[in-house]
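Input: a single structure, listed below in structure tokens.
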Amino acid sequence: MTNSTNASSFIKRSDPKIYDILQKEISREDLTLELIASENFVSYSILEMAGGVMTNKYAEGYPGARYYGGCEHVDEAENLARDRAKKLFDCEYVNVQPHSGSQANMAVLMTFLNVGDTIMGLDLAHGGHLTHGSHVNFSGKLYNSVSYQVDKDTGRVDFNSVRSIAKEFKPQLIICGGSAYPRHVEFEQFREVADEVGAFLMADIAHPSGLVAAGLHPSPMNYCDIVTSTTHKTLRGPRGGMIMMGKDIENKWKIVAPKSGRTKMVSELLDSSVMPGIQGGPLMHIIAAKAIAFNEALQPEFKIYAQQVIDNAKAMSETLLSKGYNLISGGTDTHVVLIDLSNKDVTGKLAEKTLEKAGITVNKNMVPFDKRSPFITSGIRIGSPAITTRGMKQNEMVQVINLIDKIITNIEDQSIIEKVKIEVESLCSSFPLYSELHN
Ligand SMILES: *Cc1c(COP(=O)(O)O)cnc(C)c1O
């Protein structure tokens, strides 16, 4: 393998300082349990492409219509990425240029809304995302933002309140999907509400897109006007974003461009919202790496992987329940498990810090109706995508939860933390990661 991080590394010779830092990160990823639900480990092929020469190319514009010469090969790469994405998600339009999920969302908001219009998304503290209207984000600063919540008992979106908030505030755009929602997103029910108030409906499948691609989570394509995603979470591609539209949606939504007043196709408006609206040159090395990721996700093995992701999350949630942990919504349909630690007398912040000392990486997370601040929180979010990529299965999930439980129930005990750390390293070494990249 010719990756520039192995023993014959160019970096090693040119810049030992950063090489050393890279080696430490490779070891960290290899020897710790990565339970952050939004992270995953990409293939060597994706690493190679993401570190390849296409990083050199300026290609503002779209295939066949660039502002720069010499784009014939990157055009092919972007077309391949788009064709594969269309096949993977069964959609008619895709834009693979957004540098991130947040930028995909920004481009959509810029397309469908004027500044000051009203958007409606899932409350951040109930599992939503910053870009769904948080007041610290552009989406809450430029737009009038209202939010819906989950039901206190079921932990699922409360459609009575979604409907009544939508009727009261008449949002131009409703956003469904989130970052810490353990259940399937209810696209069909959101469609009903959007139709009742004449709103556009956007699905943000940043988290479950790999499960959607594998056919193991309902697809938003027939219900939502517009779909955004990241490419680096369950989809297991390079870090980035994408925008999609399902079949026959384009014809339904020939809309008037907010600025020029001319009637345009939505696809045209979306493309120009991404570039020149919010981005300049696309990251062609990343777009080519997205093409590889889409192809990987089209293979039968990916479906087996995605099923294992879900089986593993279920195994973790069942083990947690058996140990008296409270889970938001009582379990999971996806890769995400959201744990309320209130009854364990440990804050999310302390749990995250202490687990990290033992080599277990999770993130603190608000739980619905949390009484603590976002910097402390009452919960942690865990996810199965990354450890499933390493090859771990249900038996290992039980072990992982046993280790987490040892820490949570002995949160001050230094010797337990050290013992767990040794067990974590031994579990990880049975499922080696990136062994070809080690020094
Ligand atoms: C992760 C995430 C995003 C943003 O992705 P970035 O690439 O980090 O900008 C957007 N929406 C949701 C729901 C997410 O979970």
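Ligands are numbered from 1 in the order shown, residues from 1 within each chain, and chains are lettered A, B, ... in the order they appear in the structure tokens.
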So that I can check the surroundings of A:Tyr148, please list as number ranges by chain every protein, DNA and RNA residue that reaches within 9 Å of it, counting only C-alpha atoms and ignoring chain neighbours fewer than 3 positions away.
A: 120-123, 126, 157-159, 161-162, 165-166
Please identify the residues whose atoms come within 7 Å of ligand 1, using only C-alpha atoms and all ligand atoms, and report them as a list of chain:residue names.
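Those within range of ligand 1 are A:Ser38, A:Ser100, A:Gly101, A:Ser102, A:Gln103, A:Gly128, A:His129, A:Thr131, A:Gly177, A:Gly178, A:Ser179, A:Asp204, A:Ile205, A:Ala206, A:His207, A:Ser229, A:Thr230, A:Arg239, A:Gly240, A:Gly241.
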I need the residues from that last selection saved to file as a PDB file, in the first residue's frame (with N, CA, C and O atoms), if you can.
```pdb
ATOM      1  N   SER A  38     -21.385   9.535  15.656  1.00  0.00           N
ATOM      2  CA  SER A  38     -21.215  10.186  14.358  1.00  0.00           C
ATOM      3  C   SER A  38     -19.880   9.851  13.703  1.00  0.00           C
ATOM      4  O   SER A  38     -19.557  10.388  12.658  1.00  0.00           O
ATOM      5  N   SER A 100     -19.413  19.966   3.975  1.00  0.00           N
ATOM      6  CA  SER A 100     -19.829  19.338   5.231  1.00  0.00           C
ATOM      7  C   SER A 100     -21.355  19.253   5.265  1.00  0.00           C
ATOM      8  O   SER A 100     -22.035  19.847   4.411  1.00  0.00           O
ATOM      9  N   GLY A 101     -21.857  18.549   6.259  1.00  0.00           N
ATOM     10  CA  GLY A 101     -23.307  18.470   6.431  1.00  0.00           C
ATOM     11  C   GLY A 101     -23.906  19.841   6.710  1.00  0.00           C
ATOM     12  O   GLY A 101     -24.989  20.179   6.239  1.00  0.00           O
ATOM     13  N   SER A 102     -23.199  20.647   7.485  1.00  0.00           N
ATOM     14  CA  SER A 102     -23.714  21.981   7.807  1.00  0.00           C
ATOM     15  C   SER A 102     -23.837  22.826   6.542  1.00  0.00           C
ATOM     16  O   SER A 102     -24.792  23.593   6.386  1.00  0.00           O
ATOM     17  N   GLN A 103     -22.862  22.694   5.644  1.00  0.00           N
ATOM     18  CA  GLN A 103     -22.937  23.481   4.416  1.00  0.00           C
ATOM     19  C   GLN A 103     -24.033  22.978   3.478  1.00  0.00           C
ATOM     20  O   GLN A 103     -24.640  23.766   2.759  1.00  0.00           O
ATOM     21  N   GLY A 128     -31.958  17.417  18.062  1.00  0.00           N
ATOM     22  CA  GLY A 128     -31.783  18.129  16.791  1.00  0.00           C
ATOM     23  C   GLY A 128     -30.326  18.485  16.530  1.00  0.00           C
ATOM     24  O   GLY A 128     -29.424  18.034  17.230  1.00  0.00           O
ATOM     25  N   HIS A 129     -30.095  19.312  15.501  1.00  0.00           N
ATOM     26  CA  HIS A 129     -28.739  19.723  15.159  1.00  0.00           C
ATOM     27  C   HIS A 129     -28.662  21.247  15.162  1.00  0.00           C
ATOM     28  O   HIS A 129     -29.654  21.924  14.919  1.00  0.00           O
ATOM     29  N   THR A 131     -27.701  23.279  13.023  1.00  0.00           N
ATOM     30  CA  THR A 131     -28.163  23.910  11.774  1.00  0.00           C
ATOM     31  C   THR A 131     -29.674  23.822  11.585  1.00  0.00           C
ATOM     32  O   THR A 131     -30.187  24.216  10.549  1.00  0.00           O
ATOM     33  N   GLY A 177     -35.354  14.901  11.201  1.00  0.00           N
ATOM     34  CA  GLY A 177     -34.066  14.225  11.370  1.00  0.00           C
ATOM     35  C   GLY A 177     -33.275  14.924  12.464  1.00  0.00           C
ATOM     36  O   GLY A 177     -33.616  16.041  12.853  1.00  0.00           O
ATOM     37  N   GLY A 178     -32.238  14.256  12.972  1.00  0.00           N
ATOM     38  CA  GLY A 178     -31.464  14.846  14.052  1.00  0.00           C
ATOM     39  C   GLY A 178     -30.172  14.102  14.308  1.00  0.00           C
ATOM     40  O   GLY A 178     -29.792  13.207  13.540  1.00  0.00           O
ATOM     41  N   SER A 179     -29.516  14.484  15.409  1.00  0.00           N
ATOM     42  CA  SER A 179     -28.196  13.923  15.723  1.00  0.00           C
ATOM     43  C   SER A 179     -28.234  12.915  16.859  1.00  0.00           C
ATOM     44  O   SER A 179     -27.264  12.202  17.083  1.00  0.00           O
ATOM     45  N   ASP A 204     -32.948  15.707   7.047  1.00  0.00           N
ATOM     46  CA  ASP A 204     -31.502  15.698   7.271  1.00  0.00           C
ATOM     47  C   ASP A 204     -31.146  14.300   7.783  1.00  0.00           C
ATOM     48  O   ASP A 204     -31.369  13.982   8.946  1.00  0.00           O
ATOM     49  N   ILE A 205     -30.607  13.473   6.863  1.00  0.00           N
ATOM     50  CA  ILE A 205     -30.282  12.093   7.249  1.00  0.00           C
ATOM     51  C   ILE A 205     -28.779  11.915   7.501  1.00  0.00           C
ATOM     52  O   ILE A 205     -28.227  10.828   7.290  1.00  0.00           O
ATOM     53  N   ALA A 206     -28.149  13.004   7.978  1.00  0.00           N
ATOM     54  CA  ALA A 206     -26.707  12.961   8.272  1.00  0.00           C
ATOM     55  C   ALA A 206     -26.328  11.706   9.063  1.00  0.00           C
ATOM     56  O   ALA A 206     -25.333  11.054   8.766  1.00  0.00           O
ATOM     57  N   HIS A 207     -27.129  11.365  10.053  1.00  0.00           N
ATOM     58  CA  HIS A 207     -26.805  10.196  10.882  1.00  0.00           C
ATOM     59  C   HIS A 207     -27.165   8.858  10.243  1.00  0.00           C
ATOM     60  O   HIS A 207     -26.303   8.017  10.039  1.00  0.00           O
ATOM     61  N   SER A 229     -27.371  15.141   3.693  1.00  0.00           N
ATOM     62  CA  SER A 229     -26.677  14.149   4.498  1.00  0.00           C
ATOM     63  C   SER A 229     -25.212  14.520   4.643  1.00  0.00           C
ATOM     64  O   SER A 229     -24.677  15.307   3.857  1.00  0.00           O
ATOM     65  N   THR A 230     -24.582  13.925   5.632  1.00  0.00           N
ATOM     66  CA  THR A 230     -23.123  13.885   5.642  1.00  0.00           C
ATOM     67  C   THR A 230     -22.730  12.606   4.912  1.00  0.00           C
ATOM     68  O   THR A 230     -23.568  11.739   4.651  1.00  0.00           O
ATOM     69  N   ARG A 239     -15.081  12.775   5.110  1.00  0.00           N
ATOM     70  CA  ARG A 239     -15.830  13.850   5.769  1.00  0.00           C
ATOM     71  C   ARG A 239     -16.401  14.799   4.725  1.00  0.00           C
ATOM     72  O   ARG A 239     -15.664  15.369   3.931  1.00  0.00           O
ATOM     73  N   GLY A 240     -17.724  14.963   4.697  1.00  0.00           N
ATOM     74  CA  GLY A 240     -18.319  15.858   3.710  1.00  0.00           C
ATOM     75  C   GLY A 240     -19.832  15.828   3.763  1.00  0.00           C
ATOM     76  O   GLY A 240     -20.424  15.169   4.624  1.00  0.00           O
ATOM     77  N   GLY A 241     -20.459  16.562   2.829  1.00  0.00           N
ATOM     78  CA  GLY A 241     -21.915  16.634   2.788  1.00  0.00           C
ATOM     79  C   GLY A 241     -22.453  16.366   1.392  1.00  0.00           C
ATOM     80  O   GLY A 241     -21.685  16.271   0.423  1.00  0.00           O
TER      81      GLY A 241
END
```
Run DSSP on the backbone and give me the residues of stretch 200-333 of chain A it puts in strand (DSSP E or B), as a list in words.
Phe200, Leu201, Met202, Ala203, Asp204, Ile226, Val227, Thr228, Ser229, Thr230, Gly241, Met242, Ile243, Met244, Met245, Ile255, Val256, Thr263, Lys264, Asn326 and Leu327 of chain A
Those same residues, written as a JSON list (two decimals), in the first residue's frame with C-alpha atoms?
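See selection15.json below for the written result:
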```json
[["chain", "number", "residue", "atom", "x", "y", "z"],
["A", 200, "PHE", "CA", -41.29, 22.66, 2.24],
["A", 201, "LEU", "CA", -40.03, 19.53, 3.95],
["A", 202, "MET", "CA", -36.34, 18.81, 4.34],
["A", 203, "ALA", "CA", -34.96, 15.55, 5.74],
["A", 204, "ASP", "CA", -31.50, 15.70, 7.27],
["A", 226, "ILE", "CA", -35.14, 17.80, -0.23],
["A", 227, "VAL", "CA", -32.70, 15.52, 1.56],
["A", 228, "THR", "CA", -29.31, 16.39, 3.02],
["A", 229, "SER", "CA", -26.68, 14.15, 4.50],
["A", 230, "THR", "CA", -23.12, 13.88, 5.64],
["A", 241, "GLY", "CA", -21.92, 16.63, 2.79],
["A", 242, "MET", "CA", -24.42, 16.05, 0.00],
["A", 243, "ILE", "CA", -27.88, 17.22, -1.14],
["A", 244, "MET", "CA", -30.47, 15.03, -2.87],
["A", 245, "MET", "CA", -33.95, 15.17, -4.35],
["A", 255, "ILE", "CA", -40.08, 27.67, -7.68],
["A", 256, "VAL", "CA", -39.59, 31.35, -7.98],
["A", 263, "THR", "CA", -39.02, 30.86, -12.16],
["A", 264, "LYS", "CA", -36.25, 28.27, -11.98],
["A", 326, "ASN", "CA", -32.66, 4.65, 31.38],
["A", 327, "LEU", "CA", -32.63, 4.93, 27.61]]
```
At a cut-off of 8 Å, using only C-alpha atoms, what residues contact A:Val96? Leave out same-chain residues fewer than 2 positions from it and give the result as number ranges by chain.
A: 78, 81-82, 94, 98, 241-243, 287, 290
Okay, now the selection with C-alpha atoms, as an mmCIF file, in the first residue's frame?
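So result.cif came out as:
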```
data_model
loop_
_atom_site.group_PDB
_atom_site.id
_atom_site.type_symbol
_atom_site.label_atom_id
_atom_site.label_comp_id
_atom_site.auth_asym_id
_atom_site.auth_seq_id
_atom_site.Cartn_x
_atom_site.Cartn_y
_atom_site.Cartn_z
ATOM 1 C CA GLU A 78 -17.711 14.072 -9.935
ATOM 2 C CA ALA A 81 -19.875 10.204 -7.623
ATOM 3 C CA ARG A 82 -23.239 11.652 -8.650
ATOM 4 C CA VAL A 94 -27.627 14.988 -6.180
ATOM 5 C CA PRO A 98 -20.938 20.540 0.078
ATOM 6 C CA GLY A 241 -21.915 16.634 2.788
ATOM 7 C CA MET A 242 -24.415 16.051 -0.004
ATOM 8 C CA ILE A 243 -27.876 17.219 -1.144
ATOM 9 C CA ILE A 287 -15.587 14.176 -4.071
ATOM 10 C CA LYS A 290 -17.140 10.064 -1.954
#
```
Taking into account only C-alpha atoms, which residue in the set A:Leu427, A:Val362, A:Met284, A:Leu338 is nearest to A:Gln97?
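For A:Gln97, the nearest of the candidates is A:Met284.
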Excluding same-chain residues fewer than 5 positions from A:Val398, what lies within 7 Å of it counting only C-alpha atoms, as a list in words?
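Non-adjacent residues within range: Ala315, Met316 and Thr319 of chain A.
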So which residues of stretch 71-299 of chain A fall under alpha helix (DSSP H) by DSSP, listed as a ChimeraX atom specification?
/A:72-89,101-112,138-141,159-169,187-197,209-213,249-252,266-272,284-298
Point-to-point distance in Å for atom CA of A:Tyr325 and atom CA of A:Asn343:
7.7 Å
Shell around A:Lys24 at 12 Å using only C-alpha atoms, local window under 5 positions removed, as a PyMOL selection string:
chain A and resi 5+17-19+29-32+437-439
Selected residues, N, CA, C and O atoms, written as a compact mmCIF listing (two decimals), in the first residue's frame, please.
```txt
# COMPACT_ATOMS: atom_id res chain seq x y z
N THR A 5 1.35 7.52 4.92
CA THR A 5 1.53 7.50 6.37
C THR A 5 2.22 6.22 6.85
O THR A 5 2.40 6.03 8.03
N LYS A 17 7.81 16.17 13.29
CA LYS A 17 6.97 16.63 14.39
C LYS A 17 5.50 16.25 14.15
O LYS A 17 4.84 15.65 15.01
N ILE A 18 5.00 16.59 12.97
CA ILE A 18 3.59 16.28 12.69
C ILE A 18 3.42 14.79 12.43
O ILE A 18 2.37 14.21 12.69
N TYR A 19 4.49 14.14 11.93
CA TYR A 19 4.43 12.69 11.73
C TYR A 19 4.18 11.97 13.05
O TYR A 19 3.37 11.05 13.15
N GLU A 29 -6.77 5.75 17.66
CA GLU A 29 -7.92 5.15 16.99
C GLU A 29 -7.89 3.63 17.11
O GLU A 29 -8.92 2.98 17.23
N ASP A 30 -6.68 3.06 17.07
CA ASP A 30 -6.54 1.61 17.13
C ASP A 30 -6.81 1.05 18.53
O ASP A 30 -7.43 0.00 18.66
N LEU A 31 -6.38 1.77 19.55
CA LEU A 31 -6.37 1.17 20.90
C LEU A 31 -7.46 1.68 21.83
O LEU A 31 -7.46 1.36 23.02
N THR A 32 -8.39 2.48 21.30
CA THR A 32 -9.51 2.91 22.14
C THR A 32 -10.83 2.45 21.50
O THR A 32 -10.87 2.12 20.32
N LEU A 437 -0.80 1.10 8.69
CA LEU A 437 -0.37 2.49 8.81
C LEU A 437 0.56 2.72 9.98
O LEU A 437 1.11 3.79 10.16
N HIS A 438 0.75 1.68 10.79
CA HIS A 438 1.56 1.87 11.98
C HIS A 438 3.03 2.00 11.63
O HIS A 438 3.49 1.47 10.64
N ASN A 439 3.71 2.69 12.50
CA ASN A 439 5.12 2.96 12.34
C ASN A 439 5.92 1.68 12.13
O ASN A 439 5.72 0.72 12.82
```
Residues near stretch 40-47 of chain A, cut-off 7 Å, only C-alpha atoms, skip fewer than 3 positions along chain, as a VMD selection string
chain A and resid 50 to 51 232 to 234 236 to 238 289 292 to 293 385 to 386 389
Written selection (C-alpha atoms) as a CSV table (one decimal), in the first residue's frame:
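out32.csv was written with the following content:
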```csv
chain,number,residue,atom,x,y,z
A,50,ALA,CA,-8.6,11.7,0.1
A,51,GLY,CA,-4.8,12.1,0.3
A,232,HIS,CA,-18.8,10.3,7.0
A,233,LYS,CA,-21.2,8.9,9.6
A,234,THR,CA,-23.0,5.6,9.1
A,236,ARG,CA,-18.6,5.5,6.1
A,237,GLY,CA,-17.2,7.8,3.5
A,238,PRO,CA,-14.8,10.8,3.7
A,289,ALA,CA,-13.3,9.7,-2.3
A,292,ILE,CA,-15.5,5.3,-3.7
A,293,ALA,CA,-17.6,5.4,-0.6
A,385,PRO,CA,-20.9,2.3,13.5
A,386,ALA,CA,-17.1,2.6,14.3
A,389,THR,CA,-16.4,-1.5,11.2
```
Neighbours of A:Gln394 within 9 Å (only C-alpha atoms; same-chain residues fewer than 2 positions away dropped), as a list in words?
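Listed by chain and then number, they are Gln308, Asp311, Asn312, Ala313, Lys314, Ala315, Met316, Met392, Glu396, Met397, Val398 and Gln399 of chain A.
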